[in-house]
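Notes for the one structure printed next.
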Amino acid sequence: MVTGWFPMSNERSVVKMQNYPKVSVIIPSFNGLELLKMSIPALLRTHYPNLEIIVVDNGSSDNSAALISKLYPGVLTICIAPNIGITNAYKVGISASHGSLLSFLNNDMEVHPDWLLPLVLAIEDNECLAACDSKYLQYYERNKFEHTGGAGRFSDKYGNTVSRGSGEIDKGQFNIQQEVFYSLALFRKDLILKVGGFDESFFGYYEETDLCWRLHRLGYKMLYVPESVIYHMGSATTFRKVSEKEPNKRIKKKMAFHFFKNRLRMIIKNQFGMSLIFSVLVCLFDFCGTCIVWLLSGKSEYVSILGKALIWNLKNFKGTLQNRIRYTNESTDFNELFLPYSGVWKTRASIV
C-alpha cells in the first residue's frame, strides 16, 4: 500500500495556481429540503473560484426543488421522477455538468470552506490519480471520524467495505495522504465516462466502490487527502423516521436489498480467475451469516431480502457478464490495497 505524500510540483501552490479547473458538485436529494438548507450554504462558502453546484431532485414530494431554486438561484436544480436511485441521479448530474472534475456529495454533508482546493491540487499534480477523497468527520461530534468515509475507504476481496478510523477521535493519526481503494469526493470526469460511469442497476450502495474498482483495473489510483474536511450526518435521508417512534422499515428493507444485490454483482463484474470463485463463495457465506444474525436478533422478516438479492443476480447474470467483458483488464495489480477478510463472520454485524 502506498503511503506518504504524493509528489506535487514545487511551482504549484495555493498562491501561484492561476488556472482553476471547473468543479461540478452533484448532490442527489430526496425530500431533503432541510438538509439542503444546511449543505448548500456551506458549499457556497467554499474557497474556490470555479465551482458549479447541481442538485438532482429524485422525485421529492416536499417541493424542495422549487424552494431551493428560489433560495439559491445560482444552484442548478434538476427534477426527475419517480425516485430512480442515487446512481441514476449521478448520471443525470454528470450529463448536465460543465466541470472537468466532479464531486459527489450527500445532502446531509457540510463541507469545510477549504475542503476543495487540496483535492484539486492533488489530482491536478498527479496524472496517476483518478479520484481523491476527503477526511469525513461526524456532523454532531466533530472530533470523531464518521463511519461511511472516515479517514480513507477500503475493501476486502469479498466486497466488505471498511472506513478507516470509524468512530475514533481525530488526533491527527491519519493526517497523511495515502492511497485508498475507493473515493467519492473528487473524480476526473473523462475517466468516469471512460469506464462507463456509475452502474445504473445499483440504485444505491457500492456504486462508488464498483466505479473505483474499474478505474483501478485501468491502472489509476485513488488518494485520501486529509487536508480536505467534510462533516457528515450519515443516513439522514435513507433511514429517516416516518414518525418520532418508528423508523421507516419499508425504506430499510428496500435499501438492504440493494446492498446485498449490489455487493454480489460488483464481485462478479470485477474479480478474475480463482479470486472470482473464492470471492463469490465467501460473499454467499457472509449472506448465510447475516441470516443467522437476523434470526438470532429477532429480525427474521429481513431474511427474504437475501433470497431476492440472489434471484435478481441470477436473472441479470447475462448483463453482469457483459459489463465484466467490457472492462476486462487483468494487467494491473492492486491486490495490496485489499484488506484481510472483514465480513459478518468476523464482525457479527449486519446492515439493519
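Residue names in the C-alpha cells use chain letters A, B, ... in the order shown, residue numbers from 1 in each chain, and ligand numbers from 1 in the order shown.
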Which residues are close to Cys288 in chain A, i.e. within 12 Å by only C-alpha atoms, leaving aside same-chain residues fewer than 6 positions away? Reply as a PyMOL selection string.
chain A and resi 260+281-282+294-295+303-307+310+343-345+348+350
Do a neighbour search on Met38 in chain A at 9 Å with only C-alpha atoms, toss out local chain neighbours closer than 4 positions, and write the hits as a ChimeraX atom specification.
/A:33-34,42,107-110
Could you save the residues just selected, with C-alpha atoms, as an mmCIF file, in the first residue's frame?
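This is the output file result.cif:
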```
data_model
loop_
_atom_site.group_PDB
_atom_site.id
_atom_site.type_symbol
_atom_site.label_atom_id
_atom_site.label_comp_id
_atom_site.auth_asym_id
_atom_site.auth_seq_id
_atom_site.Cartn_x
_atom_site.Cartn_y
_atom_site.Cartn_z
ATOM 1 C CA LEU A 33 -35.185 20.418 1.874
ATOM 2 C CA GLU A 34 -33.996 20.989 5.440
ATOM 3 C CA ALA A 42 -21.708 25.627 3.284
ATOM 4 C CA ASN A 107 -27.330 16.359 1.083
ATOM 5 C CA ASP A 108 -26.508 15.668 4.756
ATOM 6 C CA MET A 109 -22.908 16.867 4.426
ATOM 7 C CA GLU A 110 -21.414 20.178 5.482
#
```
Which residues are near Ile86 in chain A? Cut-off 10 Å, only C-alpha atoms, ignore same chain within fewer than 6 positions. Put them as a list in words.
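After dropping sequence-adjacent residues, the list is Ile27, Pro28, Ser29, Phe30, Val56, Asn58, Val92, Asn106, Phe198, Glu200, Phe202, Phe203, Gly204, Tyr205 and Glu207 of chain A.
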Could you write those residues out with C-alpha atoms, as a short mmCIF file (atom, residue, chain, number, x, y, z; two decimals), in the first residue's frame?
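Contents of result-v4.cif, freshly written:
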```cif
data_model
loop_
_atom_site.label_atom_id
_atom_site.label_comp_id
_atom_site.auth_asym_id
_atom_site.auth_seq_id
_atom_site.Cartn_x
_atom_site.Cartn_y
_atom_site.Cartn_z
CA ILE A 27 -25.95 16.32 -4.89
CA PRO A 28 -28.79 13.79 -5.19
CA SER A 29 -31.70 14.65 -2.92
CA PHE A 30 -34.99 13.04 -1.91
CA VAL A 56 -30.69 16.39 -8.67
CA ASN A 58 -35.08 12.45 -7.07
CA VAL A 92 -28.29 12.94 -14.76
CA ASN A 106 -24.78 13.77 0.04
CA PHE A 198 -21.88 4.53 -12.32
CA GLU A 200 -27.36 2.31 -13.07
CA PHE A 202 -27.16 -0.33 -8.29
CA PHE A 203 -29.77 2.28 -7.17
CA GLY A 204 -27.71 2.88 -4.02
CA TYR A 205 -24.82 1.23 -2.11
CA GLU A 207 -21.78 2.41 -6.54
#
```
Among the residues A:Ser342, A:Ala66, A:Asn270, A:Arg265, the one that comes closest to Phe317 in chain A [using only C-alpha atoms]
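Of the candidates, the smallest distance to Phe317 in chain A is held by A:Arg265.
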Tell me which of A:Arg164, A:Lys22, A:His112, A:Lys171 sits closest to His98 in chain A, counting only C-alpha atoms.
A:Lys22
May I have the residues within 9 Å of Ser60 in chain A as number ranges by chain, using only C-alpha atoms and disregarding those fewer than 5 positions away in the same chain?
A: 29-32, 65, 79-83
To one decimal place in Å, what is the distance between CA of Tyr182 in chain A and CA of Asp199 in chain A?
15.1 Å
